[in-house]
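Enquirer: Pasting a structure here, questions to come.
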Amino acid sequence: MSTDKENMYGNHISNQFNEDLSRLKNDFLKMGGLVEQQTADAVNALIEGDTHAADEVRARDKVVDRMEMDLDEEATRLIARRQPAARDLRFVVSVIKMVADLERVGDEAKKIAKFALKLAEEGHAPRGYVEVRHIANYVTAMLHDALDAFSRLDSEQALRIMKADKSVDEEYQAATRTLLTFMMEDTRNISRCLSIMWVLRALERVGDHACNIAENVIYMVEGEDVRHTSLEDAERIVTGE
Amino acid sequence: MSNASSNIPDDITKTEKAAIKVAEPAQQDRREAAALEEGKTVGIPFCENPKFQLRNVEVSYGDTPAIRNISLDIARNEVIAFIGPSGCGKSTFLRCLNRMNDSIESCSVRGSLLLDGEDIYDPRRDVVELRARVGMVFQKPNPFPKSIYDNVAYGPRIHGLANRKSDLDDIVEGSLRKAGLWEEVKDRLDATATGMSGGQQQRLCIARAIAVSPEVILMDEPCSALDPIATAKVEELIAEMSESYTIVIVTHSMQQAARVSHRTAYFHLGHLVEVNETNRLFTAPEHELTESYITGRFG
C-alpha cells in the first residue's frame with residue numbers, strides 16, 4: 001500500500017477536485033479545533049467556578065452543530081460530484097464518521113458546562129477537581145493528537161492514541177473509587193460527587209471519540225478497518241508486520 | 001498541496017519553473033517505468049480451475065510491443081473488467097481471447113493461451129467454432145442491415161443449430177428474452193434492425209452473441225455509445241448473464257467496472273499491474289499506479 005502523503009489531497013487531473021478535498025480537510029480541522037477548545041473551556045469553567053465561561057460554552061455548541069451539518073453536506077456533495085475512489089473515498093467516508101464523533105465531543109463539553117453551572121451555584125468545595133483536571137488533560141491531549149494524526153496522515157500516532165485509551169479507562173476507574181470514598185466519608189458530599197462523576201464520565205467519552213477518530217485515520221491511511229480488532233492486529237496493520 | 005505543481009518552490013523564476021515543468025513528465029515516466037520493471041502483477045491474478053489460463057502472453061504490432069508478459073486466469077462464470085488508460089493494451093488483450101487479432105497482419109501473439117485447457121492459438125483450431133464459443137460485443141452496435149429476426153437467427157443458421165423453423169423461432173425468442181429485448185420487439189421482428197435505438201441495437205447484438213450458445217462473451221466498451229438508461233439495462237443484463245456465461249468486459253467507465261464485475265484488472269503501458277476483487281480494488285488498491293488511475297491522478 002502506497003502512502004505517498006503529499007499526494008493525499010492533491011495531484012488530481014482536476015484541480016477542482018484537489019480544492020474540494022483540501023477544503024473538506026480544512027473545515028474538518030476547524031471543527032476539530034473548536035470542539036477541542038470547547039472541552040478545555042468547559043473544564044476550566046468548572047474548576048474556576050466561572051459561570052460566564054460555562055454559559056459561553058453552551059451557547060457555542062450551536063456553532064459546532066452547524067459545522068457538523070455543513071461538513072456532512074460538503075462530503076455528500078463531493079461524493080455526488082466526484083465519485084471518489086480508493087484513498088479519496090476512504091478519506092471522505094472517514095470524515096463523515098469523524099464529524100459525528102466531533103459533534104459528540106461538543107455535546108460532552110456542553111454537558112460539562114452544565115455541571116459547571118450547577119456546581120458553581122451549589123458553592124465552593126472542590127472535591128474531585130484534581131481527578132477532573134488530570135483526566136481532562138489526558139483526553140484533550142488525545143483529541144489534539146488524533147486531529148494532528150488526521151492532519152499529517154500519521155497512522156503510527158493514531159495507533160498510540162488507541163493504546164492511550166486503555167489508560168484513560170484505568171484513570172477513570174481510579175477516580176471513581178476516590179469519589180466513592182469521599183461520599184462514604186460524608187454523605188453531604190454525595191450530590192456534588194455525583195455531578196463530578198458525570199463530568200468524569202463525559203471526559204472518558206471524549207477519550208473514546210478521540211480513539212474513534214484515530215481508528216478512522218488508520219483506515220484512511222492503511223485501507224484496513226481496525227475497529228473491533230485487537231490492538232495487536234491494529235499494530236500489525238500499521239507497522240506492516 | 002492544492003495543485004499538481006505544488007512541489008515547485010515559489011522563489012524561483014518563471015523560466016526555471018517552465019524548465020522544471022518540462023522535466024516533470026520525464027521524471028514521472030521514469031517513476032512509472034521503475035514501478036513496472038518487475039513485470040509482476042499484484043493482487044489475485046490466478047484462480048482454481050479457470051476458464052482461461054493465460055501465461056506469459058506477449059503481443060506486438062510489428063516491432064511495437066502492446067502486451068508485455070501478462071499472466072492471468074479468468075474464472076468460470078466470472079465477470080472480469082479490464083480497465084486502464086487508452087493504449088494500455090486492454091482491448092488488444094481482450095481480442096486475443098477469441099483471436100480477433102488474426103486479421104491484423106502485423107500482429108503477433110506469443111505465450112500460452114488456454115481455453116478449458118486447450119490452446120486457443122493451435123493452428124489446427126477452427127476459428128469459427130472458437131468464436132461461436134467465445135462471442136463478442138463491440139463498442140458500436142453493429143447489427144446486420146437485416147430484420148431483427150434475421151440478425152439473431154444468423155448465427156444459429158450458419159452453425160446449423162436449428163433443424164426446423166420452430167427450433168429457430170425458439171432460439172430467437174429465447175435469445176431476445178435473455179437480452180431483455182423480447183417485449184419491445186416481439187411485434188416487429190420483421191422490422192429492420194438499423195431502425196432501432198442505439199440501446200436496443202446493442203442489446204440485439206448481445207442477443208445475436210447469445211444465440212449461438214457461447215460459453216464466454218467478450219465486451220469491448222459495450223456501453224460507451226449508450227445513454228445512462230440503456231447502459232443500466234445492459235449492466236442489468238450482464239449481471240443476469242453471469243449465471244450462465246463467463247464475461248470479460250473492457251470499459252473506460254470505472255463506475256461501470258465497479259458496478260458489474262467481480263474482479264477488475266488494471267492495465268498500464270502493456271503491463272498487467274493489478275488484478276483484485278473489485279470491492280478491494282476500488283476502496284484500497286494495492287498498487288500505486290492503480291491508485292493513481294482510479295482516483296484520477298494521471299497527468
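Residue numbering restarts at 1 in every chain; chains get A, B, ... in the order shown in the C-alpha cells, and ligands count up from 1 in that same order.
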Select residues of chain A: the criterion is any atom within 10 Å of an atom of chain B, counting only C-alpha atoms; output as a ChimeraX atom specification.

Expert: /A:1-4,6-23,82-90,219-224

Enquirer: How would the residues just chosen look if you wrote them out with C-alpha atoms as a CSV table (one decimal), in the first residue's frame?

Expert:
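Output (result38.csv):
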chain,number,residue,atom,x,y,z
A,1,MET,CA,0.0,0.0,0.0
A,2,SER,CA,1.5,3.3,-1.0
A,3,THR,CA,1.3,6.2,1.4
A,4,ASP,CA,2.6,9.0,-0.7
A,6,GLU,CA,1.8,14.7,-0.2
A,7,ASN,CA,-0.4,13.0,-2.8
A,8,MET,CA,-3.3,12.5,-0.4
A,9,TYR,CA,-5.4,15.5,-1.4
A,10,GLY,CA,-3.6,16.9,-4.4
A,11,ASN,CA,-2.3,15.9,-7.8
A,12,HIS,CA,-5.6,15.1,-9.4
A,13,ILE,CA,-6.1,15.9,-13.0
A,14,SER,CA,-8.9,18.0,-11.8
A,15,ASN,CA,-7.8,21.0,-9.7
A,16,GLN,CA,-11.3,21.5,-8.6
A,17,PHE,CA,-11.2,18.0,-7.0
A,18,ASN,CA,-8.0,18.9,-5.2
A,19,GLU,CA,-9.6,22.0,-3.9
A,20,ASP,CA,-12.8,20.2,-2.8
A,21,LEU,CA,-10.7,17.7,-0.8
A,22,SER,CA,-8.5,20.3,0.8
A,23,ARG,CA,-11.5,22.4,1.8
A,82,ARG,CA,-16.7,13.4,-7.9
A,83,GLN,CA,-17.4,9.8,-7.2
A,84,PRO,CA,-14.2,9.5,-5.3
A,85,ALA,CA,-12.4,6.1,-5.2
A,86,ALA,CA,-9.7,4.4,-3.2
A,87,ARG,CA,-7.9,6.8,-0.8
A,88,ASP,CA,-10.2,9.7,-1.7
A,89,LEU,CA,-13.2,7.6,-1.0
A,90,ARG,CA,-11.8,6.4,2.3
A,219,TYR,CA,-8.5,3.2,7.9
A,220,MET,CA,-7.8,6.3,5.7
A,221,VAL,CA,-4.1,5.7,5.5
A,222,GLU,CA,-3.8,1.9,5.5
A,223,GLY,CA,-7.1,0.9,3.9
A,224,GLU,CA,-7.9,-1.5,6.7

Enquirer: Out of segment 22-250 of chain B, which residues get strand (DSSP E) from DSSP, as JSON, numbers by chain?

Expert: {"B": [42, 43, 52, 53, 54, 55, 56, 57, 58, 59, 60, 61, 64, 65, 66, 67, 68, 69, 70, 71, 72, 73, 74, 79, 80, 81, 82, 83, 107, 108, 109, 110, 111, 112, 113, 114, 115, 118, 119, 134, 135, 136, 137, 216, 217, 218, 219, 220, 246, 247, 248, 249, 250]}

Enquirer: Name the residues in contact with segment 257-268 of chain B at a cut-off of 6 Å, using only C-alpha atoms, excluding same-chain residues fewer than 3 positions from it; report them as an mmCIF file with C-alpha atoms, in the first residue's frame.

Expert:
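The result, written out as result_3.cif:
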data_model
loop_
_atom_site.group_PDB
_atom_site.id
_atom_site.type_symbol
_atom_site.label_atom_id
_atom_site.label_comp_id
_atom_site.auth_asym_id
_atom_site.auth_seq_id
_atom_site.Cartn_x
_atom_site.Cartn_y
_atom_site.Cartn_z
ATOM 1 C CA VAL B 79 -17.386 -11.089 -14.729
ATOM 2 C CA ILE B 80 -13.934 -9.586 -15.040
ATOM 3 C CA ALA B 81 -13.402 -5.957 -16.052
ATOM 4 C CA PHE B 82 -10.290 -4.686 -17.839
ATOM 5 C CA ILE B 83 -9.548 -1.039 -17.107
ATOM 6 C CA GLY B 84 -6.669 1.291 -17.904
ATOM 7 C CA CYS B 88 -2.662 0.315 -22.237
ATOM 8 C CA MET B 254 -14.584 2.882 -13.657
ATOM 9 C CA HIS B 271 1.606 -4.432 -18.311
ATOM 10 C CA LEU B 272 -0.969 -6.048 -16.090
ATOM 11 C CA VAL B 273 -0.359 -4.060 -12.926
ATOM 12 C CA GLU B 274 -3.020 -5.339 -10.573
ATOM 13 C CA VAL B 275 -5.885 -7.821 -10.530
ATOM 14 C CA ASN B 276 -8.082 -7.759 -7.474
ATOM 15 C CA GLU B 277 -11.546 -8.303 -6.110
ATOM 16 C CA THR B 278 -13.484 -5.338 -7.455
#

Enquirer: If you count only C-alpha atoms, which residues fall within 12 Å of Gln173 of chain A, apart from same-chain ones fewer than 4 positions away, as a PDB file with C-alpha atoms, in the first residue's frame?

Expert:
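See selection.pdb below for the written result:
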ATOM      1  CA  GLU A 131      -9.142  13.974  39.143  1.00  0.00           C
ATOM      2  CA  ILE A 135      -8.296  13.164  33.090  1.00  0.00           C
ATOM      3  CA  LYS A 166      -6.772   1.995  27.851  1.00  0.00           C
ATOM      4  CA  SER A 167      -5.004   4.270  30.336  1.00  0.00           C
ATOM      5  CA  VAL A 168      -7.989   6.648  30.340  1.00  0.00           C
ATOM      6  CA  ASP A 169     -10.265   3.800  31.292  1.00  0.00           C
ATOM      7  CA  ARG A 177     -13.025   4.876  43.571  1.00  0.00           C
ATOM      8  CA  THR A 178     -11.637   8.110  45.046  1.00  0.00           C
ATOM      9  CA  LEU A 179     -15.003   9.818  44.683  1.00  0.00           C
ATOM     10  CA  LEU A 180     -16.720   6.870  46.342  1.00  0.00           C
ATOM     11  CA  MET A 197     -18.795  11.564  38.306  1.00  0.00           C
ATOM     12  CA  LEU A 200     -15.558  12.322  34.528  1.00  0.00           C
ATOM     13  CA  ARG A 201     -17.866  10.096  32.517  1.00  0.00           C
ATOM     14  CA  GLU A 204     -13.952   9.466  29.396  1.00  0.00           C
TER      15      GLU A 204
END

Enquirer: Can you pull out the residues contacting Ala207 of chain B? Cut-off 8 Å, using only C-alpha atoms, and skip same-chain residues under 3 positions away; I want them as a tab-separated table (two decimals) with N, CA and C atoms, in the first residue's frame.

Expert:
chain	number	residue	atom	x	y	z
B	152	VAL	N	-30.66	-12.22	-35.24
B	152	VAL	CA	-30.46	-13.21	-34.18
B	152	VAL	C	-30.33	-14.61	-34.78
B	175	SER	N	-33.20	-15.93	-27.05
B	175	SER	CA	-32.06	-15.01	-27.03
B	175	SER	C	-32.53	-13.58	-26.79
B	176	LEU	N	-33.63	-13.20	-27.46
B	176	LEU	CA	-34.14	-11.84	-27.27
B	176	LEU	C	-34.66	-11.66	-25.85
B	178	LYS	N	-33.46	-13.24	-23.17
B	178	LYS	CA	-32.28	-13.12	-22.30
B	178	LYS	C	-31.66	-11.74	-22.42
B	179	ALA	N	-31.76	-11.16	-23.61
B	179	ALA	CA	-31.18	-9.83	-23.81
B	179	ALA	C	-32.14	-8.73	-23.37
B	203	ARG	N	-28.37	-4.25	-27.39
B	203	ARG	CA	-28.95	-5.46	-26.78
B	203	ARG	C	-29.25	-6.51	-27.85
B	204	LEU	N	-29.56	-6.06	-29.08
B	204	LEU	CA	-29.74	-7.01	-30.18
B	204	LEU	C	-28.42	-7.72	-30.49
B	210	ILE	N	-25.57	-14.31	-27.94
B	210	ILE	CA	-26.08	-15.39	-27.10
B	210	ILE	C	-26.68	-16.53	-27.93
B	211	ALA	N	-27.21	-16.18	-29.12
B	211	ALA	CA	-27.98	-17.13	-29.92
B	211	ALA	C	-27.22	-18.40	-30.28

Enquirer: Compile the contact shell of segment 93-107 of chain A as a PyMOL selection string: residues with an atom at most 7 Å away, counting only C-alpha atoms, same-chain residues fewer than 3 positions apart removed.

Expert: chain A and resi 32+35+38+61+64-65+68+72+75+89-90+110-111+206+209+213+216+220

Enquirer: Let me make sure I understand: among A:Ala210, A:Lys118, A:Asp233, A:Ala113, which one has the smallest atom-to-atom distance to Ala59 of chain A if we use only C-alpha atoms?

Expert: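 Closest residue, counting only C-alpha atoms: A:Ala113.
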